[in-house]
$ cat protein-v7.cif   # mmCIF, C-alpha atoms
data_query
#
loop_
_atom_site.label_atom_id
_atom_site.label_comp_id
_atom_site.auth_asym_id
_atom_site.auth_seq_id
_atom_site.Cartn_x
_atom_site.Cartn_y
_atom_site.Cartn_z
CA MET A 25 105.27 105.99 11.43
CA ALA A 26 102.47 104.31 13.34
CA THR A 27 103.44 102.42 16.48
CA ALA A 28 101.50 99.17 16.88
CA ILE A 29 100.30 98.23 20.36
CA LYS A 30 99.58 94.56 20.94
CA MET A 31 97.94 92.58 23.71
CA PRO A 32 100.82 91.87 26.15
CA GLN A 33 101.50 88.47 27.65
CA LEU A 34 101.13 88.99 31.39
CA GLY A 35 102.01 85.50 32.52
CA MET A 36 103.32 82.14 31.35
CA ILE A 37 99.85 80.64 30.92
CA MET A 38 98.07 83.72 29.55
CA THR A 39 96.66 83.24 26.03
CA GLU A 40 94.27 86.22 25.87
CA GLY A 41 93.24 89.30 27.79
CA THR A 42 90.18 91.53 28.08
CA LEU A 43 90.47 95.18 27.12
CA ALA A 44 88.51 96.42 30.13
CA ARG A 45 88.71 100.13 29.30
CA TRP A 46 90.61 102.78 27.39
CA PHE A 47 91.87 105.82 29.28
CA LYS A 48 92.03 107.86 26.06
CA SER A 49 89.45 108.66 23.38
CA PRO A 50 90.06 108.07 19.65
CA GLY A 51 92.09 110.93 18.19
CA GLU A 52 93.25 112.18 21.59
CA ALA A 53 96.90 113.05 22.16
CA VAL A 54 98.83 110.68 24.40
CA GLN A 55 102.27 111.02 25.99
CA GLN A 56 104.79 108.22 26.32
CA GLY A 57 104.37 106.52 29.70
CA GLU A 58 100.80 107.72 30.22
CA PRO A 59 98.21 105.11 31.27
CA LEU A 60 96.51 103.98 28.07
CA ALA A 61 94.41 100.95 28.86
CA GLU A 62 93.26 98.63 31.64
CA ILE A 63 93.69 94.96 30.75
CA THR A 64 92.25 92.15 32.80
CA THR A 65 93.01 88.43 32.83
CA GLU A 66 91.64 85.65 34.99
CA LYS A 67 94.32 86.48 37.56
CA ILE A 68 95.20 90.17 37.47
CA THR A 69 94.30 93.68 36.34
CA TYR A 70 97.08 95.49 34.48
CA GLU A 71 97.51 99.15 33.51
CA LEU A 72 99.12 99.38 30.07
CA GLU A 73 101.26 102.49 29.39
CA ALA A 74 101.70 104.22 26.04
CA PRO A 75 105.03 103.16 24.48
CA GLU A 76 105.29 106.38 22.43
CA SER A 77 103.79 109.86 22.23
CA GLY A 78 101.31 110.66 19.47
CA VAL A 79 97.65 110.38 18.55
CA PHE A 80 95.64 107.46 19.94
CA HIS A 81 93.84 105.19 17.46
CA PRO A 82 92.08 102.14 19.00
CA VAL A 83 91.59 98.94 17.03
CA VAL A 84 89.49 96.99 19.56
CA GLY A 85 86.70 98.07 21.85
CA GLU A 86 86.18 97.99 25.58
CA GLY A 87 85.10 94.54 26.69
CA ASP A 88 86.77 92.77 23.76
CA VAL A 89 88.75 89.59 24.45
CA VAL A 90 91.97 89.59 22.43
CA PRO A 91 94.67 86.91 22.05
CA VAL A 92 98.19 87.65 23.19
CA GLU A 93 100.25 89.56 20.58
CA GLU A 94 97.17 90.62 18.59
CA LEU A 95 96.88 94.28 17.59
CA ILE A 96 94.76 96.45 19.92
CA ALA A 97 95.70 100.03 18.96
CA HIS A 98 98.05 102.37 17.10
CA ILE A 99 99.89 105.49 18.21
CA LEU A 100 100.02 107.80 15.18
CA ALA A 101 102.09 110.85 14.35
CA GLU A 102 100.17 114.12 14.01
CA GLY A 103 98.21 114.02 10.73
CA GLU A 104 99.22 110.43 9.97
CA PRO A 105 96.41 108.23 8.62
CA ALA A 106 95.64 105.03 10.48
CA PRO A 107 97.01 101.86 8.86
CA GLU A 108 94.43 99.59 7.36
CA ALA A 109 93.46 97.09 10.01
CA PRO A 110 93.54 93.37 9.14
CA LYS A 111 90.17 91.84 8.45
CA PRO A 112 88.81 89.90 11.43
CA GLU A 113 88.43 86.17 11.40
CA VAL A 114 84.97 85.04 10.32
CA ALA A 115 83.56 81.84 11.73
CA PRO A 116 82.45 79.38 9.01
CA PRO A 117 78.71 78.81 8.56
CA ALA A 118 78.83 75.55 10.53
CA THR A 119 79.91 77.47 13.60
CA ALA A 120 77.80 80.59 13.22
CA GLY A 121 77.29 82.18 16.59
CA LYS A 122 80.51 80.76 18.02
CA ALA A 123 83.16 82.98 19.57
CA ARG A 124 85.98 84.65 17.67
CA ALA A 125 88.98 85.59 19.77
CA VAL A 126 90.25 88.27 17.37
CA SER A 127 88.18 91.43 17.45
CA SER A 128 87.56 93.65 14.45
CA ALA A 129 88.90 97.06 13.63
CA GLY A 130 87.12 99.87 15.42
CA PHE A 131 84.79 99.63 18.37
CA GLN A 132 82.15 97.28 16.95
CA ALA A 133 82.30 94.04 15.03
CA PRO A 134 79.36 92.31 13.41
CA ALA A 135 79.02 88.68 14.35
CA PRO A 136 78.04 86.04 11.81
CA GLU A 137 74.62 86.42 10.22
CA GLY A 138 74.50 90.13 11.02
CA VAL A 139 74.35 89.76 14.80
CA ARG A 140 76.12 92.69 16.48
CA ALA A 141 78.06 91.31 19.44
CA ALA A 142 81.30 91.96 21.29
CA PRO A 143 84.00 89.32 20.72
CA SER A 144 83.98 88.59 24.45
CA ALA A 145 80.22 87.95 24.26
CA ARG A 146 80.67 85.58 21.32
CA LYS A 147 83.45 83.78 23.16
CA LEU A 148 81.35 83.34 26.29
CA ALA A 149 78.38 82.17 24.25
CA ALA A 150 80.56 79.53 22.62
CA GLN A 151 81.84 78.36 26.02
CA LEU A 152 78.27 78.06 27.31
CA ASP A 153 77.03 76.45 24.07
CA ILE A 154 74.54 79.26 23.47
CA ASP A 155 73.39 80.47 20.04
CA ILE A 156 74.29 84.14 20.30
CA ALA A 157 71.63 85.05 17.74
CA GLN A 158 69.04 84.19 20.42
CA VAL A 159 70.56 86.49 23.05
CA PRO A 160 68.66 89.80 23.36
CA PRO A 161 70.81 92.89 23.97
CA ALA A 162 70.01 95.02 27.03
CA ARG A 163 69.36 98.00 24.76
CA PRO A 164 67.05 97.27 21.78
CA GLY A 165 69.11 97.46 18.62
CA GLY A 166 72.31 97.58 20.65
CA ARG A 167 75.34 95.32 20.60
CA ILE A 168 75.29 92.10 22.63
CA VAL A 169 77.85 92.14 25.45
CA GLU A 170 79.00 89.58 28.02
CA ALA A 171 76.41 90.69 30.56
CA ASP A 172 73.64 89.93 28.07
CA VAL A 173 75.01 86.43 27.49
CA ARG A 174 75.29 85.79 31.23
CA ALA A 175 71.73 87.01 31.82
CA PHE A 176 70.44 84.74 29.05
CA ALA A 177 72.46 81.83 30.44
CA GLU A 178 70.89 82.32 33.88
CA LYS A 179 67.43 82.11 32.34
CA VAL A 180 68.45 78.93 30.55
CA LYS A 181 69.76 77.46 33.80
CA GLU A 182 66.52 78.33 35.55
CA GLY A 183 64.71 75.95 33.25
CA GLU A 184 63.45 78.11 30.43
CA ALA A 185 65.43 76.17 27.83
CA GLY A 186 65.46 72.66 29.24
CA PRO A 187 65.42 70.55 32.43
CA ALA A 188 68.36 69.61 34.65
CA PRO A 189 70.07 66.26 33.94
CA SER A 190 67.85 63.28 34.66
CA GLY A 191 67.76 62.16 38.29
CA LEU A 192 69.16 65.36 39.76
CA PRO A 193 67.15 67.77 41.88
CA LYS A 194 66.62 71.29 40.58
CA PRO A 195 69.79 73.28 41.30
CA SER A 196 69.55 76.21 43.68
CA LYS A 197 72.06 78.09 41.56
CA VAL A 198 74.10 77.45 38.42
CA ILE A 199 77.03 79.64 37.42
CA PRO A 200 79.29 79.49 34.34
CA PHE A 201 82.59 77.72 34.84
CA SER A 202 84.69 80.68 33.81
CA GLY A 203 87.10 83.39 34.93
CA MET A 204 89.74 82.57 37.52
CA ARG A 205 88.15 79.24 38.39
CA ARG A 206 88.37 78.08 34.77
CA ALA A 207 91.97 79.33 34.45
CA ILE A 208 92.97 77.36 37.56
CA ALA A 209 91.26 74.23 36.25
CA GLU A 210 93.04 74.46 32.90
CA SER A 211 96.37 75.03 34.64
CA MET A 212 95.89 72.02 36.91
CA ARG A 213 94.86 69.77 34.02
CA ARG A 214 97.91 70.87 32.07
CA SER A 215 100.12 70.23 35.08
CA VAL A 216 98.86 66.69 35.58
CA ALA A 217 98.94 65.91 31.86
CA SER A 218 102.52 67.13 31.32
CA SER A 219 104.26 65.75 34.43
CA ALA A 220 104.77 62.55 36.40
CA GLN A 221 103.68 63.72 39.85
CA LEU A 222 104.91 61.84 42.90
CA SER A 223 104.31 62.90 46.51
CA PHE A 224 106.19 62.34 49.77
CA HIS A 225 105.07 63.13 53.32
CA ILE A 226 106.96 63.71 56.56
CA GLU A 227 105.98 64.82 60.06
CA VAL A 228 107.99 67.66 61.60
CA ASP A 229 108.27 68.88 65.19
CA MET A 230 107.60 72.64 64.93
CA THR A 231 107.73 73.37 68.68
CA GLU A 232 110.99 75.30 68.76
CA ALA A 233 110.42 77.04 65.43
CA SER A 234 106.97 78.19 66.56
CA ALA A 235 108.31 79.47 69.88
CA ARG A 236 111.12 81.41 68.17
CA ARG A 237 108.68 82.83 65.62
CA ARG A 238 106.37 84.11 68.37
CA GLU A 239 109.29 85.59 70.29
CA LEU A 240 110.70 87.41 67.24
CA SER A 241 107.23 88.70 66.30
CA LYS A 242 107.00 90.48 69.66
CA LYS A 243 110.25 92.33 68.96
CA SER A 244 109.63 93.04 65.28
CA GLU A 245 107.48 95.64 63.52
CA VAL A 246 105.98 92.88 61.41
CA THR A 247 104.23 89.70 62.56
CA LEU A 248 106.00 86.59 61.36
CA SER A 249 103.87 83.75 60.06
CA ILE A 250 104.72 80.08 59.84
CA ALA A 251 104.91 80.60 56.06
CA ASP A 252 107.83 83.00 56.54
CA VAL A 253 109.76 80.36 58.48
CA LEU A 254 108.99 77.80 55.78
CA LEU A 255 110.09 80.16 53.02
CA LYS A 256 113.49 80.59 54.62
CA ALA A 257 113.86 76.88 55.43
CA CYS A 258 112.88 75.87 51.88
CA ALA A 259 115.46 78.23 50.41
CA GLU A 260 118.20 76.69 52.55
CA ALA A 261 117.18 73.16 51.55
CA LEU A 262 116.80 74.05 47.86
CA VAL A 263 120.36 75.38 47.72
CA ARG A 264 121.50 71.93 48.89
CA TYR A 265 119.13 70.07 46.53
CA PRO A 266 119.06 72.18 43.35
CA GLN A 267 117.25 69.48 41.37
CA LEU A 268 114.03 70.71 43.00
CA ASN A 269 114.69 74.36 42.10
CA THR A 270 114.19 73.75 38.39
CA VAL A 271 111.76 74.36 35.55
CA LEU A 272 111.18 72.01 32.61
CA VAL A 273 110.78 73.94 29.34
CA ASP A 274 110.66 72.36 25.87
CA GLY A 275 112.46 69.22 26.94
CA LYS A 276 115.22 71.07 28.80
CA VAL A 277 115.70 71.33 32.58
CA HIS A 278 116.63 74.84 33.69
CA PHE A 279 118.58 75.10 36.98
CA PHE A 280 118.73 78.35 38.96
CA ASP A 281 120.98 79.84 41.62
CA GLU A 282 118.16 82.19 42.66
CA VAL A 283 115.37 80.70 44.78
CA ASN A 284 112.11 82.37 43.74
CA ILE A 285 109.27 80.88 45.77
CA GLY A 286 105.62 81.30 44.82
CA LEU A 287 103.28 81.46 47.81
CA ALA A 288 99.71 80.31 47.19
CA VAL A 289 97.09 82.84 48.35
CA ALA A 290 93.44 81.84 48.54
CA LEU A 291 90.83 84.35 47.33
CA ASP A 292 87.05 84.03 47.20
CA GLU A 293 87.17 83.48 43.44
CA GLY A 294 90.20 81.18 43.34
CA LEU A 295 93.92 80.97 43.94
CA VAL A 296 96.81 83.24 42.99
CA VAL A 297 100.53 82.62 43.47
CA PRO A 298 102.63 85.78 43.92
CA VAL A 299 106.38 85.16 43.89
CA ILE A 300 108.98 86.22 46.45
CA LYS A 301 112.30 86.48 44.64
CA ASP A 302 115.83 85.73 45.89
CA VAL A 303 114.55 84.14 49.09
CA GLN A 304 118.00 82.66 49.76
CA ASP A 305 119.42 86.16 50.37
CA LYS A 306 116.71 87.53 52.68
CA GLY A 307 116.20 87.39 56.42
CA LEU A 308 112.97 86.41 58.13
CA GLU A 309 111.77 89.93 58.83
CA GLU A 310 112.38 91.03 55.26
CA LEU A 311 110.56 87.97 53.99
CA ALA A 312 107.66 88.67 56.35
CA ARG A 313 107.31 92.25 55.10
CA GLU A 314 107.43 91.21 51.44
CA ARG A 315 105.02 88.33 52.00
CA ASP A 316 102.59 90.64 53.80
CA GLN A 317 102.74 93.20 50.97
CA LEU A 318 102.12 90.59 48.27
CA VAL A 319 99.25 88.95 50.15
CA THR A 320 97.62 92.36 50.66
CA LYS A 321 98.00 93.21 46.98
CA ALA A 322 96.52 89.82 46.03
CA ARG A 323 93.45 90.28 48.21
CA GLU A 324 92.94 93.82 46.92
CA GLY A 325 93.30 92.72 43.29
CA ARG A 326 96.43 94.85 42.75
CA LEU A 327 98.97 92.20 41.73
CA LEU A 328 101.11 93.13 38.72
CA PRO A 329 102.46 90.63 36.17
CA ASP A 330 105.93 90.86 37.68
CA ASP A 331 104.51 89.93 41.09
CA MET A 332 103.48 86.53 39.70
CA ALA A 333 106.37 85.83 37.34
CA GLY A 334 109.64 83.99 37.78
CA GLY A 335 108.72 81.30 40.30
CA THR A 336 111.09 78.33 40.55
CA PHE A 337 109.37 76.54 43.46
CA THR A 338 105.98 76.86 45.18
CA LEU A 339 104.83 76.77 48.80
CA THR A 340 101.23 76.35 49.92
CA VAL A 341 100.04 76.37 53.54
CA LEU A 342 96.59 75.18 54.66
CA GLY A 343 96.21 75.75 58.36
CA THR A 344 92.82 74.06 58.62
CA VAL A 345 93.78 70.48 57.71
CA ASP A 346 96.42 68.04 58.92
CA GLY A 347 97.79 67.31 55.45
CA PHE A 348 97.09 67.34 51.72
CA THR A 349 98.74 66.54 48.39
CA PRO A 350 99.57 69.68 46.38
CA ILE A 351 99.61 69.77 42.57
CA LEU A 352 102.61 71.20 40.73
CA ASN A 353 102.57 74.58 39.07
CA PRO A 354 103.00 73.85 35.33
CA GLY A 355 106.68 73.64 34.42
CA GLN A 356 108.02 73.63 37.97
CA SER A 357 109.63 70.49 39.39
CA ALA A 358 108.46 70.72 43.01
CA ILE A 359 105.86 72.15 45.36
CA LEU A 360 105.67 71.90 49.15
CA GLY A 361 102.42 71.81 51.11
CA MET A 362 102.07 72.22 54.87
CA GLY A 363 99.03 71.48 57.01
CA ARG A 364 98.19 72.95 60.40
CA VAL A 365 100.60 73.09 63.31
CA ALA A 366 98.86 71.29 66.18
CA LYS A 367 99.79 69.91 69.59
CA LYS A 368 100.06 66.12 69.54
CA PRO A 369 101.40 63.39 71.84
CA ILE A 370 104.59 61.88 70.44
CA VAL A 371 107.29 59.56 71.75
CA VAL A 372 110.62 61.21 72.63
CA GLY A 373 113.07 58.64 73.94
CA ASP A 374 110.95 56.49 76.23
CA LYS A 375 108.48 59.23 77.15
CA ILE A 376 105.26 60.51 75.65
CA VAL A 377 105.34 64.30 75.40
CA ILE A 378 103.15 66.98 73.85
CA ARG A 379 104.77 68.78 70.90
CA GLU A 380 103.61 71.13 68.13
CA MET A 381 103.61 68.93 65.02
CA ALA A 382 102.93 69.51 61.33
CA THR A 383 102.85 67.37 58.19
CA LEU A 384 104.87 68.45 55.15
CA SER A 385 103.84 67.12 51.74
CA LEU A 386 106.25 67.38 48.82
CA THR A 387 105.10 66.78 45.25
CA VAL A 388 107.77 66.50 42.54
CA ASP A 389 107.86 65.86 38.82
CA HIS A 390 109.41 62.40 38.72
CA GLN A 391 110.61 63.13 35.18
CA VAL A 392 113.10 65.58 36.70
CA VAL A 393 113.40 64.67 40.39
CA ASP A 394 114.09 61.15 41.65
CA GLY A 395 113.19 59.81 45.09
CA ALA A 396 116.69 60.31 46.56
CA PRO A 397 116.90 64.12 46.14
CA ALA A 398 113.22 64.49 47.01
CA THR A 399 113.55 62.64 50.31
CA GLY A 400 116.92 64.28 50.95
CA PHE A 401 115.26 67.67 50.59
CA LEU A 402 112.54 66.69 53.08
CA ARG A 403 115.06 65.33 55.58
CA ARG A 404 117.08 68.53 55.37
CA LEU A 405 113.93 70.61 55.77
CA LYS A 406 113.00 68.60 58.86
CA GLN A 407 116.48 69.15 60.36
CA VAL A 408 116.38 72.90 59.72
CA LEU A 409 112.88 73.32 61.16
CA GLU A 410 113.50 71.20 64.24
CA ARG A 411 116.81 72.97 64.97
CA PRO A 412 115.90 76.43 63.66
CA GLY A 413 118.65 78.54 65.21
CA ALA A 414 120.23 79.35 61.83
CA LEU A 415 116.90 80.59 60.46
CA PHE A 416 116.49 83.22 63.17
#
$ encode --input "protein-v7.cif" --output "structure tokens"
Amino acid sequence: MATAIKMPQLGMIMTEGTLARWFKSPGEAVQQGEPLAEITTEKITYELEAPESGVFHPVVGEGDVVPVEELIAHILAEGEPAPEAPKPEVAPPATAGKARAVSSAGFQAPAPEGVRAAPSARKLAAQLDIDIAQVPPARPGGRIVEADVRAFAEKVKEGEAGPAPSGLPKPSKVIPFSGMRRAIAESMRRSVASSAQLSFHIEVDMTEASARRRELSKKSEVTLSIADVLLKACAEALVRYPQLNTVLVDGKVHFFDEVNIGLAVALDEGLVVPVIKDVQDKGLEELARERDQLVTKAREGRLLPDDMAGGTFTLTVLGTVDGFTPILNPGQSAILGMGRVAKKPIVVGDKIVIREMATLSLTVDHQVVDGAPATGFLRRLKQVLERPGALF
């Protein structure tokens, strides 16, 4: 009996993925556990393994954009005919040329009005408000792909199909608002629209914590960062204030004993948030090693779905500014932001002294977290960081 393979959901906010490439050819034998396909999303690249052994029969082509849980291939028994694939969605005449998320059976799918185009190309054309029938394929008579749409869009932006908005100078460059940047924007809009975000700020003396961190780094095989100290301190405070270690799902607040902290990592193309799990049970050096591994994987584009799943709280550190107001990850109840650690004059007793200071900014979903636990969490965090013996 044929085994159906569907587009996997590789994250809470994923709605579709791109079938970047197949590792097997149609009709080729495949063994269970063998790499079968490379799937890309706005955030990660994922290697899909064959769930069964048999004969490979693809349903979508390389470059196609497919919704989560839609059929992408079959694994057949030897000599078994391929099941009849469902007919693809067809855009109504009023939207001819617009994108269809579901690709057709086989490796090619005719677009409306006889235009041969990859589903991903039709989708991109719809996003850019381009009539795909006007897009020339790179190879005469060939199928239109995303690269063709992007090339046509660049020509449009350069002025071939209309001027820039009135009053603006000619842009030096215009790029589509897509990929990771678009995914981040949609996530942030959803976060703001679905939560009541309230922020609190507090200044913390990091002098002793910074000194201990530098001292331990000299003795350790791994260099500790200020983020590692914050991870451990946040876990301690979250155990005391569990209201902040929650996720709101379908009108229900889920509390957790495990503290899984997502750490924001900036990339050239956007932001990813790999998750360090069970932070409450790990020491600083273990946290530093795991954080270093995840950051390296993020920058090399090697994060797996599990690396970014399961976060119950988020930490973001910007060492180039004094302070900022972070935005919640959708569903989570709290996020902590930290600015740079810098030497400043402060009053201690009746004296002015120079100390290493930092501003912590806590954003909570006021639907779930009231001011008392939020400020209690910050006060506890301040105590732990200013008297950090227990952390080290």
$ resolve_selection --input "protein-v7.cif" --expression "the PyMOL selection byres ((chain A and resi 294) around 9)" --output "PDB file with C-alpha atoms, in the frame of the given file"
ATOM      1  CA  LYS A  67      94.320  86.480  37.560  1.00  0.00           C
ATOM      2  CA  MET A 204      89.740  82.570  37.520  1.00  0.00           C
ATOM      3  CA  ARG A 205      88.150  79.240  38.390  1.00  0.00           C
ATOM      4  CA  ILE A 208      92.970  77.360  37.560  1.00  0.00           C
ATOM      5  CA  VAL A 289      97.090  82.840  48.350  1.00  0.00           C
ATOM      6  CA  ALA A 290      93.440  81.840  48.540  1.00  0.00           C
ATOM      7  CA  LEU A 291      90.830  84.350  47.330  1.00  0.00           C
ATOM      8  CA  ASP A 292      87.050  84.030  47.200  1.00  0.00           C
ATOM      9  CA  GLU A 293      87.170  83.480  43.440  1.00  0.00           C
ATOM     10  CA  LEU A 295      93.920  80.970  43.940  1.00  0.00           C
ATOM     11  CA  VAL A 296      96.810  83.240  42.990  1.00  0.00           C
TER      12      VAL A 296
END
$ atom_distance --input "protein-v7.cif" --atom1 "CA of Glu309 in chain A" --atom2 "CA of Met230 in chain A"
18.8 Å
$ resolve_selection --input "protein-v7.cif" --expression "the PyMOL selection byres ((chain A and resi 404-409) around 9)" --output "number ranges by chain"
A: 226-230, 232-233, 253-254, 257-258, 260-261, 264, 384, 399-403, 410-415
$ residues_around --input "protein-v7.cif" --residues "Arg45 in chain A" --least-positions-apart "2" --cutoff "6 Å" --atoms "only C-alpha atoms" --output "list in words"
Leu43, Ala61, Glu62 and Glu86 of chain A
$ write_last_selection --input "protein-v7.cif" --atoms "C-alpha atoms" --output "PDB file, keeping the file's coordinate frame"
ATOM      1  CA  LEU A  43      90.470  95.180  27.120  1.00  0.00           C
ATOM      2  CA  ALA A  61      94.410 100.950  28.860  1.00  0.00           C
ATOM      3  CA  GLU A  62      93.260  98.630  31.640  1.00  0.00           C
ATOM      4  CA  GLU A  86      86.180  97.990  25.580  1.00  0.00           C
TER       5      GLU A  86
END
$ closest_residue --input "protein-v7.cif" --among "A:Ala217, A:Val297, A:Leu342, A:Ala157" --to "Met362 in chain A" --atoms "all atoms listed in the file"
A:Leu342
$ resolve_selection --input "protein-v7.cif" --expression "the PyMOL selection byres ((chain A and resi 392) around 8)" --output "PyMOL selection string"
chain A and resi 267+272+277+357+388-391+393-394
$ axis_aligned_box --input "protein-v7.cif" --around "range 50-55 of chain A" --padding-each-side "4 Å" --output "JSON"
{"center_x": 96.2, "center_y": 110.6, "center_z": 22.1, "size_x": 20.2, "size_y": 13.0, "size_z": 15.8}
$ atom_distance --input "protein-v7.cif" --atom1 "CA of Val216 in chain A" --atom2 "CA of Pro354 in chain A"
8.3 Å
$ atom_distance --input "protein-v7.cif" --atom1 "CA of Leu248 in chain A" --atom2 "CA of Ala312 in chain A"
5.7 Å
$ closest_residue --input "protein-v7.cif" --among "A:Thr231, A:Gln304, A:Ser241, A:Ser218" --to "Lys256 in chain A" --atoms "all atoms listed in the file"
A:Gln304
$ closest_residue --input "protein-v7.cif" --among "A:Leu318, A:Ile285, A:Leu386, A:Val79" --to "Gly347 in chain A" --atoms "only C-alpha atoms"
A:Leu386
$ residues_around --input "protein-v7.cif" --residues "Phe348 in chain A" --least-positions-apart "6" --cutoff "12 Å" --atoms "all atoms listed in the file" --output "ChimeraX atom specification"
/A:223-226,340-342,359-364,382-387
$ residues_around --input "protein-v7.cif" --residues "Ser249 in chain A" --least-positions-apart "5" --cutoff "10 Å" --atoms "all atoms listed in the file" --output "ChimeraX atom specification"
/A:234,237-238,241,254,308,311-312,315-316
$ residues_near_point --input "protein-v7.cif" --point "(83.5, 86.7, 26.7)" --cutoff "10 Å" --atoms "all atoms listed in the file" --output "list of chain:residue names"
A:Thr42, A:Gly87, A:Asp88, A:Val89, A:Val90, A:Ala123, A:Arg124, A:Ala125, A:Ala142, A:Pro143, A:Ser144, A:Ala145, A:Arg146, A:Lys147, A:Leu148, A:Ala149, A:Ala150, A:Gln151, A:Val169, A:Glu170, A:Ala171, A:Val173, A:Arg174, A:Ser202, A:Gly203
$ closest_residue --input "protein-v7.cif" --among "A:Glu93, A:Ala322, A:Ile250, A:Gln55" --to "Arg236 in chain A" --atoms "all atoms listed in the file"
A:Ile250
$ residues_around --input "protein-v7.cif" --residues "Asn269 in chain A" --least-positions-apart "2" --cutoff "7 Å" --atoms "all atoms listed in the file" --output "VMD selection string"
chain A and resid 262 266 to 267 279 to 280 283 336 to 337 357
